[in-house]
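See below for query.cif, which holds mmCIF, C-alpha atoms.
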```cif
data_work
loop_
_atom_site.label_atom_id
_atom_site.label_comp_id
_atom_site.auth_asym_id
_atom_site.auth_seq_id
_atom_site.Cartn_x
_atom_site.Cartn_y
_atom_site.Cartn_z
CA ARG A 3 -58.71 -183.80 13.98
CA LEU A 4 -57.03 -185.10 10.84
CA PHE A 5 -60.38 -185.09 9.07
CA LEU A 6 -61.05 -181.51 10.15
CA PHE A 7 -57.58 -180.41 8.97
CA LEU A 8 -58.08 -181.95 5.54
CA ALA A 9 -61.52 -180.41 5.25
CA LEU A 10 -60.26 -176.94 6.08
CA ARG A 11 -57.02 -177.14 4.07
CA PRO A 12 -57.21 -175.22 0.73
CA ASN A 13 -57.27 -177.39 -2.40
CA VAL A 14 -53.85 -176.37 -3.71
CA GLY A 15 -54.09 -178.51 -6.86
CA PHE A 16 -57.46 -177.08 -7.81
CA SER A 17 -56.27 -173.52 -7.15
CA ARG A 18 -53.25 -173.97 -9.38
CA ARG A 19 -55.38 -175.48 -12.16
CA SER A 20 -57.78 -172.56 -11.90
CA ILE A 21 -54.96 -170.02 -12.24
CA TYR A 22 -53.54 -171.96 -15.20
CA MET A 23 -56.93 -172.02 -16.92
CA LYS A 24 -57.38 -168.28 -16.35
CA LYS A 25 -53.96 -167.56 -17.86
CA ASN A 26 -54.81 -169.70 -20.88
CA LEU A 27 -58.13 -167.91 -21.28
CA ILE A 28 -56.42 -164.52 -21.17
CA PHE A 29 -53.85 -165.67 -23.75
CA ILE A 30 -56.52 -167.04 -26.10
CA THR A 31 -58.55 -163.85 -25.75
CA LEU A 32 -55.49 -161.76 -26.61
CA VAL A 33 -54.71 -163.88 -29.67
CA LEU A 34 -58.31 -163.58 -30.89
CA PHE A 35 -58.22 -159.80 -30.36
CA ILE A 36 -55.02 -159.46 -32.43
CA PHE A 37 -56.53 -161.66 -35.14
CA VAL A 38 -59.72 -159.59 -35.32
CA VAL A 39 -57.76 -156.31 -35.43
CA ASN A 40 -55.59 -157.63 -38.25
CA ARG A 41 -58.63 -158.83 -40.17
CA MET A 42 -60.26 -155.43 -39.73
CA SER A 43 -57.15 -153.63 -40.99
CA TYR A 44 -56.91 -155.84 -44.05
CA ALA A 45 -60.59 -155.30 -44.72
CA GLN A 46 -59.58 -151.79 -45.76
CA GLU A 47 -61.78 -150.47 -48.54
CA LYS A 48 -60.35 -150.83 -52.03
CA ILE A 49 -60.53 -147.76 -54.25
CA GLU A 50 -62.75 -148.54 -57.21
CA GLY A 51 -62.53 -145.06 -58.72
CA PRO A 52 -63.38 -143.74 -61.16
CA TRP A 53 -59.77 -143.71 -62.23
CA LEU A 54 -58.36 -142.13 -65.38
CA TRP A 55 -56.70 -144.97 -67.33
CA MET A 56 -53.86 -145.23 -69.81
CA ILE A 57 -51.92 -148.22 -71.14
CA ALA A 58 -48.55 -148.27 -72.89
CA PRO A 59 -46.31 -151.12 -74.05
CA ALA A 60 -43.12 -152.25 -72.33
CA GLU A 61 -39.75 -151.58 -73.90
CA GLU A 62 -40.00 -154.76 -75.99
CA PRO A 63 -41.72 -158.16 -75.92
CA GLY A 64 -40.56 -160.25 -72.98
CA ARG A 65 -39.62 -157.22 -70.86
CA GLY A 66 -42.91 -156.61 -69.07
CA GLY A 67 -43.63 -157.15 -65.39
CA SER A 68 -40.73 -156.47 -63.03
CA GLN A 69 -38.42 -155.49 -65.89
CA ALA A 70 -40.75 -152.63 -66.87
CA THR A 71 -41.08 -151.09 -63.41
CA ASP A 72 -38.59 -148.30 -64.07
CA PHE A 73 -39.07 -148.12 -67.83
CA ASP A 74 -41.04 -144.99 -68.74
CA SER A 75 -43.61 -146.40 -71.15
CA LEU A 76 -45.36 -143.02 -71.42
CA GLN A 77 -42.19 -141.34 -72.58
CA ALA A 78 -41.51 -144.07 -75.12
CA ALA A 79 -45.09 -144.08 -76.48
CA SER A 80 -45.21 -140.28 -76.80
CA ASP A 81 -41.73 -139.89 -78.29
CA GLY A 82 -40.64 -137.95 -75.23
CA THR A 83 -43.56 -135.51 -75.11
CA VAL A 84 -45.10 -137.04 -71.97
CA THR A 85 -43.31 -138.70 -69.07
CA GLU A 86 -44.39 -140.50 -65.94
CA GLU A 87 -42.97 -137.64 -63.91
CA ILE A 88 -45.10 -135.07 -65.75
CA VAL A 89 -48.30 -137.05 -65.21
CA ALA A 90 -47.42 -137.77 -61.57
CA GLU A 91 -46.92 -134.05 -60.91
CA ARG A 92 -49.57 -132.45 -63.16
CA GLY A 93 -52.09 -135.14 -64.04
CA ALA A 94 -53.80 -135.70 -67.37
CA MET A 95 -57.04 -134.97 -69.14
CA PRO A 96 -59.60 -137.46 -70.51
CA GLY A 97 -59.30 -137.92 -74.25
CA GLN A 98 -55.66 -136.86 -74.48
CA LYS A 99 -53.73 -139.42 -76.47
CA ILE A 100 -50.41 -141.08 -75.81
CA GLY A 101 -49.38 -143.31 -78.67
CA ASP A 102 -52.33 -145.43 -79.73
CA TYR A 103 -54.43 -144.84 -76.63
CA ALA A 104 -56.34 -142.02 -74.92
CA TRP A 105 -56.84 -141.32 -71.22
CA THR A 106 -60.22 -142.85 -70.34
CA TRP A 107 -62.40 -142.84 -67.22
CA GLY A 108 -63.27 -146.18 -65.63
CA THR A 109 -63.86 -147.97 -62.36
CA ILE A 110 -62.16 -151.19 -61.33
CA THR A 111 -63.71 -154.08 -59.42
CA PRO A 112 -62.31 -154.67 -55.90
CA SER A 113 -61.79 -158.40 -56.46
CA GLY A 114 -60.52 -160.87 -59.03
CA ASP A 115 -57.12 -161.71 -60.45
CA ASN A 116 -57.59 -159.99 -63.81
CA ASN A 117 -59.48 -156.79 -62.97
CA ILE A 118 -57.20 -154.42 -64.92
CA GLN A 119 -57.66 -156.41 -68.11
CA GLU A 120 -61.42 -156.47 -67.51
CA THR A 121 -61.46 -152.70 -66.96
CA VAL A 122 -59.40 -151.97 -70.07
CA ASN A 123 -61.82 -154.01 -72.19
CA ARG A 124 -64.97 -152.63 -70.54
CA ILE A 125 -64.02 -148.98 -71.09
CA GLU A 126 -62.88 -149.88 -74.64
CA LEU A 127 -59.33 -148.72 -74.13
CA SER A 128 -58.38 -151.91 -75.98
CA GLN A 129 -60.31 -154.81 -77.51
CA ASN A 130 -57.45 -157.24 -76.94
CA ASP A 131 -58.57 -159.47 -74.06
CA ASP A 132 -55.09 -160.77 -73.22
CA LEU A 133 -52.60 -157.89 -73.21
CA ASN A 134 -49.03 -158.80 -72.24
CA ASP A 135 -45.77 -156.89 -71.80
CA ILE A 136 -47.67 -153.68 -71.13
CA SER A 137 -48.13 -151.20 -68.30
CA SER A 138 -51.34 -149.62 -67.00
CA TYR A 139 -51.48 -146.15 -65.46
CA ALA A 140 -54.39 -145.35 -63.14
CA LEU A 141 -54.76 -141.70 -62.10
CA LEU A 142 -57.11 -139.97 -59.69
CA VAL A 143 -57.46 -136.92 -57.48
CA PHE A 144 -58.87 -137.19 -53.96
CA ASN A 145 -59.61 -134.52 -51.38
CA ALA A 146 -58.63 -135.07 -47.76
CA GLU A 147 -57.49 -133.39 -44.57
CA GLU A 148 -53.74 -133.13 -44.01
CA GLU A 149 -52.47 -136.27 -42.30
CA ARG A 150 -49.05 -137.84 -41.77
CA ASN A 151 -47.94 -141.47 -41.71
CA VAL A 152 -51.14 -142.77 -43.28
CA ILE A 153 -51.24 -146.50 -44.00
CA MET A 154 -51.62 -147.35 -47.67
CA ARG A 155 -51.95 -150.86 -49.08
CA VAL A 156 -51.65 -152.23 -52.60
CA GLY A 157 -51.75 -155.53 -54.41
CA SER A 158 -50.60 -156.01 -57.99
CA ASP A 159 -50.06 -158.47 -60.80
CA ASP A 160 -47.31 -157.99 -61.73
CA SER A 161 -45.04 -155.17 -60.49
CA VAL A 162 -46.23 -151.86 -59.08
CA LYS A 163 -44.99 -148.28 -58.76
CA ILE A 164 -46.91 -145.51 -57.02
CA TRP A 165 -46.62 -141.72 -57.01
CA LEU A 166 -48.46 -139.41 -54.62
CA ASN A 167 -48.35 -135.70 -55.40
CA GLY A 168 -45.44 -136.17 -57.77
CA LYS A 169 -43.27 -138.30 -55.48
CA VAL A 170 -42.62 -142.03 -55.68
CA VAL A 171 -43.98 -143.45 -52.42
CA HIS A 172 -43.78 -147.16 -53.20
CA LYS A 173 -42.19 -149.52 -55.70
CA ASN A 174 -42.10 -153.30 -55.89
CA PRO A 175 -40.45 -154.71 -59.02
CA VAL A 176 -41.86 -158.21 -58.74
CA ASP A 177 -43.52 -160.82 -60.93
CA ARG A 178 -46.50 -162.20 -59.02
CA GLY A 179 -50.21 -162.86 -59.02
CA ALA A 180 -52.64 -160.87 -56.89
CA GLY A 181 -56.19 -161.08 -55.62
CA ASP A 182 -55.92 -158.74 -52.64
CA PHE A 183 -53.59 -156.37 -50.78
CA GLN A 184 -49.96 -157.49 -50.55
CA ASP A 185 -47.78 -154.45 -49.75
CA GLU A 186 -48.17 -151.95 -46.90
CA PHE A 187 -46.42 -148.59 -46.52
CA GLN A 188 -46.94 -145.09 -45.12
CA VAL A 189 -47.67 -141.84 -46.96
CA ASP A 190 -48.26 -138.18 -46.09
CA ILE A 191 -51.53 -136.73 -47.33
CA GLU A 192 -51.81 -133.05 -48.11
CA GLY A 193 -54.78 -130.95 -47.12
CA GLY A 194 -57.05 -130.48 -50.13
CA ALA A 195 -56.38 -132.14 -53.50
CA ASN A 196 -53.98 -135.09 -53.73
CA LEU A 197 -52.87 -136.62 -57.03
CA LEU A 198 -52.37 -140.40 -57.05
CA LEU A 199 -50.78 -142.33 -59.93
CA VAL A 200 -50.52 -146.13 -59.88
CA LYS A 201 -48.52 -148.04 -62.47
CA VAL A 202 -48.90 -151.82 -62.81
CA CYS A 203 -46.59 -153.63 -65.20
CA GLU A 204 -47.96 -156.79 -66.78
CA ALA A 205 -45.79 -159.63 -68.06
CA GLY A 206 -48.40 -162.26 -68.87
CA GLY A 207 -51.41 -164.08 -67.44
CA GLY A 208 -53.52 -162.21 -64.89
CA TRP A 209 -53.34 -158.42 -64.59
CA SER A 210 -54.72 -156.88 -61.42
CA MET A 211 -54.55 -153.89 -59.06
CA PHE A 212 -55.83 -153.19 -55.55
CA VAL A 213 -55.31 -149.85 -53.79
CA GLY A 214 -56.45 -148.68 -50.37
CA ILE A 215 -55.78 -145.65 -48.17
CA ASP A 216 -56.52 -145.67 -44.44
CA ALA A 217 -57.90 -142.12 -44.35
CA ASP A 218 -61.08 -140.13 -44.89
CA TYR A 219 -61.09 -138.92 -48.49
CA LYS A 220 -63.39 -138.05 -51.34
CA ILE A 221 -62.55 -138.91 -54.93
CA VAL A 222 -62.85 -136.08 -57.44
CA ASP A 223 -64.52 -137.52 -60.52
CA SER A 224 -65.51 -134.31 -62.29
CA ILE A 225 -63.40 -133.09 -65.20
CA SER A 226 -64.28 -129.48 -64.40
CA VAL A 227 -62.81 -129.91 -60.92
CA VAL A 228 -59.70 -131.82 -61.98
CA ALA A 229 -58.71 -129.56 -64.84
CA PRO A 230 -57.97 -126.33 -62.92
CA VAL A 231 -55.85 -128.20 -60.39
CA TYR A 232 -53.69 -130.32 -62.69
CA ILE A 233 -53.14 -129.01 -66.20
CA THR A 234 -50.70 -130.85 -68.44
CA HIS A 235 -48.55 -129.11 -71.03
CA PHE A 236 -49.06 -131.73 -73.73
CA THR A 237 -51.82 -131.84 -76.33
CA SER A 238 -53.89 -134.63 -77.75
#
```
Would you give me this structure, written as structure tokens?
Amino acid sequence: RLFLFLALRPNVGFSRRSIYMKKNLIFITLVLFIFVVNRMSYAQEKIEGPWLWMIAPAEEPGRGGSQATDFDSLQAASDGTVTEEIVAERGAMPGQKIGDYAWTWGTITPSGDNNIQETVNRIELSQNDDLNDISSYALLVFNAEEERNVIMRVGSDDSVKIWLNGKVVHKNPVDRGAGDFQDEFQVDIEGGANLLLVKVCEAGGGWSMFVGIDADYKIVDSISVVAPVYITHFTS
């Protein structure tokens, strides 16, 4: 009888171990799912352009990077004729000059820790291969459907300031290196044309920029399309 009882009695220890293993499996699966989702989100496509580029020096040597975030280098270089606010609201035209430089089309590689410097040299905006205490301005127009609370990501070396349709939507006055996205924030996209301006302030060393928008959009890279939408009041 004792033998029969033991044979028929449920294996409590085994049952508990089985439940424990199932719970662990569920937990591990959940962790892997979260990891994959995060990796997918950070695999967001980086905008290569073409962007319309401008560079302008910081207020003085030694005041690049974070210290130049709120310094209007466009205003200083143009003797007050052009400002960051004007460009952020109305755009610019290729060939128009500000100081010693002219707005120039160019794409940027989606990787590397010096891709702004490489772009500036490749499009012949400057022949200096190690610019310091200077700010880059990257401008583009993209078409999209109206959408609210859209995730946008950026990475920058050094500090970064971003305008969308004339409004500052992100600013990080920091001195850092960058090889990928670092900051995440939300923006509202208008239906039709949207004007994006990205400023990256360089102190020294690497100079890089990474921008991504979690939305369906199409970049406008034709001058004939850009011009009627955003016409600046300044001349070359």
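Residue nearest A:Ile136, chosen from A:Ser68, A:Asn117, A:Thr106, A:Asn167 and counting all atoms listed in the file: A:Ser68.
Closest to A:Leu199 among A:Ala180, A:Leu133, A:Leu142, A:Met211 is A:Leu142, based on only C-alpha atoms.
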Hits of the PyMOL selection byres ((chain A and resi 166) around 9) in this structure, as JSON, numbers by chain: {"A": [90, 91, 164, 165, 167, 168, 169, 170, 171, 189, 190, 191, 196, 197, 198, 199, 200]}
What would the file look like if the residues just selected were written as a PDB file, keeping the file's coordinate frame with C-alpha atoms?
```pdb
ATOM      1  CA  ALA A  90     -47.420-137.770 -61.570  1.00  0.00           C
ATOM      2  CA  GLU A  91     -46.920-134.050 -60.910  1.00  0.00           C
ATOM      3  CA  ILE A 164     -46.910-145.510 -57.020  1.00  0.00           C
ATOM      4  CA  TRP A 165     -46.620-141.720 -57.010  1.00  0.00           C
ATOM      5  CA  ASN A 167     -48.350-135.700 -55.400  1.00  0.00           C
ATOM      6  CA  GLY A 168     -45.440-136.170 -57.770  1.00  0.00           C
ATOM      7  CA  LYS A 169     -43.270-138.300 -55.480  1.00  0.00           C
ATOM      8  CA  VAL A 170     -42.620-142.030 -55.680  1.00  0.00           C
ATOM      9  CA  VAL A 171     -43.980-143.450 -52.420  1.00  0.00           C
ATOM     10  CA  VAL A 189     -47.670-141.840 -46.960  1.00  0.00           C
ATOM     11  CA  ASP A 190     -48.260-138.180 -46.090  1.00  0.00           C
ATOM     12  CA  ILE A 191     -51.530-136.730 -47.330  1.00  0.00           C
ATOM     13  CA  ASN A 196     -53.980-135.090 -53.730  1.00  0.00           C
ATOM     14  CA  LEU A 197     -52.870-136.620 -57.030  1.00  0.00           C
ATOM     15  CA  LEU A 198     -52.370-140.400 -57.050  1.00  0.00           C
ATOM     16  CA  LEU A 199     -50.780-142.330 -59.930  1.00  0.00           C
ATOM     17  CA  VAL A 200     -50.520-146.130 -59.880  1.00  0.00           C
TER      18      VAL A 200
END
```
Could the residues of stretch 109-139 of chain A that have an atom at most 12 Å from stretch 74-89 of chain A be listed as JSON lines, each with its closest atom pair and the distance in Å to one decimal, counting all atoms listed in the file and ordered by chain and ascending residue number?
```
{"residue": "A:Asp135", "atom": "CA", "partner": "A:Ser75", "partner_atom": "CA", "distance": 10.7}
{"residue": "A:Ile136", "atom": "CA", "partner": "A:Ser75", "partner_atom": "CA", "distance": 8.3}
{"residue": "A:Ser137", "atom": "CA", "partner": "A:Ser75", "partner_atom": "CA", "distance": 7.2}
{"residue": "A:Ser138", "atom": "CA", "partner": "A:Ser75", "partner_atom": "CA", "distance": 9.3}
{"residue": "A:Tyr139", "atom": "CA", "partner": "A:Glu86", "partner_atom": "CA", "distance": 9.1}
```
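Using only C-alpha atoms, the nearest neighbour of A:Ile100 within the list A:Val202, A:Met56, A:Val122, A:Leu141 is A:Met56.
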Missing atoms in stretch 85-100 of chain A should be modelled up to N, CA, C and O atoms and reported as a PDB file, in the coordinates of the input.
```
ATOM      1  N   THR A  85     -44.071-137.787 -69.919  1.00  0.00           N
ATOM      2  CA  THR A  85     -43.310-138.700 -69.070  1.00  0.00           C
ATOM      3  C   THR A  85     -44.142-139.068 -67.846  1.00  0.00           C
ATOM      4  O   THR A  85     -45.137-138.404 -67.520  1.00  0.00           O
ATOM      5  N   GLU A  86     -43.728-140.115 -67.182  1.00  0.00           N
ATOM      6  CA  GLU A  86     -44.390-140.500 -65.940  1.00  0.00           C
ATOM      7  C   GLU A  86     -44.302-139.379 -64.915  1.00  0.00           C
ATOM      8  O   GLU A  86     -45.270-139.106 -64.188  1.00  0.00           O
ATOM      9  N   GLU A  87     -43.169-138.726 -64.869  1.00  0.00           N
ATOM     10  CA  GLU A  87     -42.970-137.640 -63.910  1.00  0.00           C
ATOM     11  C   GLU A  87     -43.950-136.495 -64.152  1.00  0.00           C
ATOM     12  O   GLU A  87     -44.518-135.942 -63.203  1.00  0.00           O
ATOM     13  N   ILE A  88     -44.160-136.157 -65.415  1.00  0.00           N
ATOM     14  CA  ILE A  88     -45.100-135.070 -65.750  1.00  0.00           C
ATOM     15  C   ILE A  88     -46.506-135.421 -65.284  1.00  0.00           C
ATOM     16  O   ILE A  88     -47.199-134.620 -64.647  1.00  0.00           O
ATOM     17  N   VAL A  89     -46.956-136.634 -65.593  1.00  0.00           N
ATOM     18  CA  VAL A  89     -48.300-137.050 -65.210  1.00  0.00           C
ATOM     19  C   VAL A  89     -48.428-137.140 -63.688  1.00  0.00           C
ATOM     20  O   VAL A  89     -49.447-136.745 -63.120  1.00  0.00           O
ATOM     21  N   ALA A  90     -47.386-137.641 -63.027  1.00  0.00           N
ATOM     22  CA  ALA A  90     -47.420-137.770 -61.570  1.00  0.00           C
ATOM     23  C   ALA A  90     -47.503-136.420 -60.875  1.00  0.00           C
ATOM     24  O   ALA A  90     -48.079-136.299 -59.789  1.00  0.00           O
ATOM     25  N   GLU A  91     -46.926-135.378 -61.503  1.00  0.00           N
ATOM     26  CA  GLU A  91     -46.920-134.050 -60.910  1.00  0.00           C
ATOM     27  C   GLU A  91     -48.105-133.190 -61.335  1.00  0.00           C
ATOM     28  O   GLU A  91     -48.614-132.381 -60.552  1.00  0.00           O
ATOM     29  N   ARG A  92     -48.561-133.361 -62.611  1.00  0.00           N
ATOM     30  CA  ARG A  92     -49.570-132.450 -63.160  1.00  0.00           C
ATOM     31  C   ARG A  92     -50.867-133.121 -63.564  1.00  0.00           C
ATOM     32  O   ARG A  92     -51.863-132.447 -63.821  1.00  0.00           O
ATOM     33  N   GLY A  93     -50.872-134.442 -63.648  1.00  0.00           N
ATOM     34  CA  GLY A  93     -52.090-135.140 -64.040  1.00  0.00           C
ATOM     35  C   GLY A  93     -52.260-135.234 -65.530  1.00  0.00           C
ATOM     36  O   GLY A  93     -51.322-135.052 -66.303  1.00  0.00           O
ATOM     37  N   ALA A  94     -53.476-135.544 -65.955  1.00  0.00           N
ATOM     38  CA  ALA A  94     -53.800-135.700 -67.370  1.00  0.00           C
ATOM     39  C   ALA A  94     -55.251-135.343 -67.571  1.00  0.00           C
ATOM     40  O   ALA A  94     -55.985-135.125 -66.610  1.00  0.00           O
ATOM     41  N   MET A  95     -55.665-135.296 -68.817  1.00  0.00           N
ATOM     42  CA  MET A  95     -57.040-134.970 -69.140  1.00  0.00           C
ATOM     43  C   MET A  95     -57.669-136.094 -69.959  1.00  0.00           C
ATOM     44  O   MET A  95     -57.006-136.669 -70.831  1.00  0.00           O
ATOM     45  N   PRO A  96     -58.926-136.428 -69.712  1.00  0.00           N
ATOM     46  CA  PRO A  96     -59.600-137.460 -70.510  1.00  0.00           C
ATOM     47  C   PRO A  96     -59.578-137.112 -71.990  1.00  0.00           C
ATOM     48  O   PRO A  96     -59.752-135.957 -72.375  1.00  0.00           O
ATOM     49  N   GLY A  97     -59.314-138.113 -72.805  1.00  0.00           N
ATOM     50  CA  GLY A  97     -59.300-137.920 -74.250  1.00  0.00           C
ATOM     51  C   GLY A  97     -57.939-137.595 -74.813  1.00  0.00           C
ATOM     52  O   GLY A  97     -57.714-137.757 -76.019  1.00  0.00           O
ATOM     53  N   GLN A  98     -57.012-137.142 -73.981  1.00  0.00           N
ATOM     54  CA  GLN A  98     -55.660-136.860 -74.480  1.00  0.00           C
ATOM     55  C   GLN A  98     -54.961-138.163 -74.816  1.00  0.00           C
ATOM     56  O   GLN A  98     -55.013-139.122 -74.049  1.00  0.00           O
ATOM     57  N   LYS A  99     -54.323-138.197 -75.974  1.00  0.00           N
ATOM     58  CA  LYS A  99     -53.730-139.420 -76.470  1.00  0.00           C
ATOM     59  C   LYS A  99     -52.242-139.516 -76.158  1.00  0.00           C
ATOM     60  O   LYS A  99     -51.522-138.519 -76.150  1.00  0.00           O
ATOM     61  N   ILE A 100     -51.840-140.742 -75.913  1.00  0.00           N
ATOM     62  CA  ILE A 100     -50.410-141.080 -75.810  1.00  0.00           C
ATOM     63  C   ILE A 100     -50.228-142.329 -76.653  1.00  0.00           C
ATOM     64  O   ILE A 100     -50.744-143.399 -76.324  1.00  0.00           O
TER      65      ILE A 100
END
```
